[in-house]
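Visitor: Handing you a structure now.
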Protein chains: 2
Amino acid sequence: MAQEYHNNCSLCGRNSEVFKYMDKDELKKIDSHRVSIRYKPGEIIFKQGTPCYNFICITQGLVKLYIEHQRNRNLIIGLMRPVNYIYEPGFFVDKHHHFTALAAEETTACLIDINVMKELFFSNQAFSYDFIQRISRQALGLFDRISSCTHKHVFGKVADTLLYLHPKIYPENPFYLSLCRQDLADLSGITKESVIRVLKKFQEEGIISINGDQIEIFDRERLEVISDKG
Amino acid sequence: MAQEYHNNCSLCGRNSEVFKYMDKDELKKIDSHRVSIRYKPGEIIFKQGTPCYNFICITQGLVKLYIEHQRNRNLIIGLMRPVNYIYEPGFFVDKHHHFTALAAEETTACLIDINVMKELFFSNQAFSYDFIQRISRQALGLFDRISSCTHKHVFGKVADTLLYLHPKIYPENPFYLSLCRQDLADLSGITKESVIRVLKKFQEEGIISINGDQIEIFDRERLEVISDKG
DNA sequence: CTTTTTTATTGATATATATCAATCAAAATT
DNA sequence: AATTTTGATTGATATATATCAATAAAAAAG
């Protein structure tokens, strides 16, 4: 493949943000306990319930994180773009995965031995504090999510989903949506039929436009209002 | 008041779990940047939107943490018993509170200067790692909460609330409920009328009994089944 | 190119739960 | 003790959204 790609963490341009508090030796250590894996769309990176052995850093593609439910209703708790590591709280509690990670697009990820990372939490305070900041940001996102699914109606929920998708997940506008309607439903916590009806309504009102898999957001402020008032 | 109560963190029997990774000097430092405050039921400890200056450790009582919403619908994201500190992710992100903390019973809390705590995150790795473990446990709780409010029906939601209240918040069974029906509703993400109807149903089926403010759980397993199947 | 399968869309109906209103009980105030 | 206020309970109704079913469009397979 044509992607630039290093066998060495120190040279990997993709780690910038995530490992900025590491020195040369630390990166070397990580490097020696790391494998880079390529996943095809639809492939599972790790599955809910299994033990966690690796700290996973997405270097390319798009990953879907979802909680698996009985009666095949899933709940997407987040999407991940490079460069970012997947924070799995389960590692710090019972060393098991509490959600499933699946490649939504062609994805590459680095798997790092989790014990090496654990050592770093003890030896590198700056990294450790940065980590706390990152998971705190995620926690605030979960608060919003809980508010959204408890008090909002379908319009507010889908508005939240659209606001989340752009620019965080799809930086361009219009963007090519690599998720299906069921994914949008699992992300919004409603049914796919409701997603379709809401998107249609938004389109009729000139808030967005949809052409095949292309979505363009015309009126972000309107979406924010809809999100706020539920 | 008749409570035993020290002017000194090192002697305070209530800090055991939370500050177990601190040495004498560290506790002394905390001690000198600490005030102990007593709150009456209904008093606000800190309010959503305000800046955070203090790390708060509950030493007595019961605290309600809730997200304030428009059209006076609140959402209780958790209850706190001693001895525990309130993890406010906002501190690590924008240094503002993202929820309100209110004394639900007569409560005492220690307020510690947040910069002193921040120093400790850098100097004491064991404390820092313990902190990550604690917030990870909370994050897993939030996952459950999101699952609950997205996919479950009122019976499952109230079952979840009851399972949360006992034994975590009220260790005895039967327990004296210091929360009103609206609180149970805000905790379950439904209306108080629905809470009442569900509790009545549970009582009719012999799962629980209610006498005034006393609730007794007879059939915990039944509640778990109801929680699971939604 | 045709057929099969999957995904998206639309419409009709069912249902869970919120909303509204009234009553009852308990607590607080006078 | 009488009155006011607050919270709990019950019932009737409205409504949002899930469910079900049918069709259309797109993608995959033969």
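Residue numbers start at 1 in each chain; chains themselves are named A, B, ... in the order of the structure tokens; ligands are numbered from 1 in the order shown.
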Could you give me, as a tab-separated table, a per-residue list for chain D showing, wherever an atom lies at most 9 Å from an atom of chain A, the closest pair of atoms and their distance in Å to one decimal, using only C-alpha atoms (C1' of nucleotides) and sorting by chain then residue number from low to high?
Guide:
```
residue	atom	partner	partner_atom	distance
D:DA16	C1'	A:His153	CA	8.1
D:DT17	C1'	A:Ser194	CA	7.6
D:DA18	C1'	A:Thr191	CA	7.4
```
Visitor: As a PyMOL selection string, please: every residue in segment 109-196 of chain A that a backbone DSSP assignment puts in alpha helix (DSSP H).
Guide: chain A and resi 114-123+125-151+154-164+181-188+192-196
Visitor: Only residues of chain C matter here; which ones have an atom within 9 Å of chain B, counting only C-alpha atoms (C1' of nucleotides)? Give them as a PyMOL selection string.
Guide: chain C and resi 16-18
Visitor: Could you list the residues in chain B lying within 7 Å of chain A, using only C-alpha atoms, and format the result as a PDB file with C-alpha atoms, in the first residue's frame?
Guide:
```pdb
ATOM      1  CA  PRO B  89     -13.749  15.588  34.965  1.00  0.00           C
ATOM      2  CA  GLY B  90     -14.274  19.254  34.190  1.00  0.00           C
ATOM      3  CA  PHE B  92      -8.966  18.359  33.918  1.00  0.00           C
ATOM      4  CA  VAL B  93     -10.630  19.840  30.846  1.00  0.00           C
ATOM      5  CA  PHE B 121      -0.733  13.767  40.501  1.00  0.00           C
ATOM      6  CA  PHE B 122       2.744  14.596  39.315  1.00  0.00           C
ATOM      7  CA  GLN B 125       2.484   7.831  40.871  1.00  0.00           C
ATOM      8  CA  ALA B 126       0.726   5.306  43.066  1.00  0.00           C
ATOM      9  CA  TYR B 129      -2.682   5.308  39.163  1.00  0.00           C
ATOM     10  CA  ILE B 132      -7.140   6.413  37.119  1.00  0.00           C
ATOM     11  CA  GLN B 133      -8.572   3.163  38.432  1.00  0.00           C
ATOM     12  CA  SER B 136     -12.294   4.069  35.149  1.00  0.00           C
ATOM     13  CA  ARG B 137     -14.760   2.397  37.469  1.00  0.00           C
ATOM     14  CA  ALA B 139     -16.681   5.395  33.395  1.00  0.00           C
ATOM     15  CA  LEU B 140     -17.908   1.796  33.343  1.00  0.00           C
ATOM     16  CA  LEU B 142     -21.608   5.577  32.904  1.00  0.00           C
ATOM     17  CA  ILE B 146     -26.170   4.918  28.873  1.00  0.00           C
ATOM     18  CA  CYS B 149     -31.463   4.918  29.418  1.00  0.00           C
ATOM     19  CA  THR B 150     -31.242   4.027  25.749  1.00  0.00           C
ATOM     20  CA  GLY B 189     -34.445   9.035  33.767  1.00  0.00           C
TER      21      GLY B 189
END
```
Visitor: Applying 12 Å and only C-alpha atoms (C1' of nucleotides), which residues near DA22 of chain C remain after dropping the ones on its own chain fewer than 5 positions away? List them as a ChimeraX atom specification.
Guide: /D:9-12
Visitor: Might you pull out every residue within 8 Å of Ala101 of chain A, with only C-alpha atoms (C1' of nucleotides) counted and same-chain residues fewer than 4 positions away left off, and present them as a ChimeraX atom specification?
Guide: /A:44-47,63-66
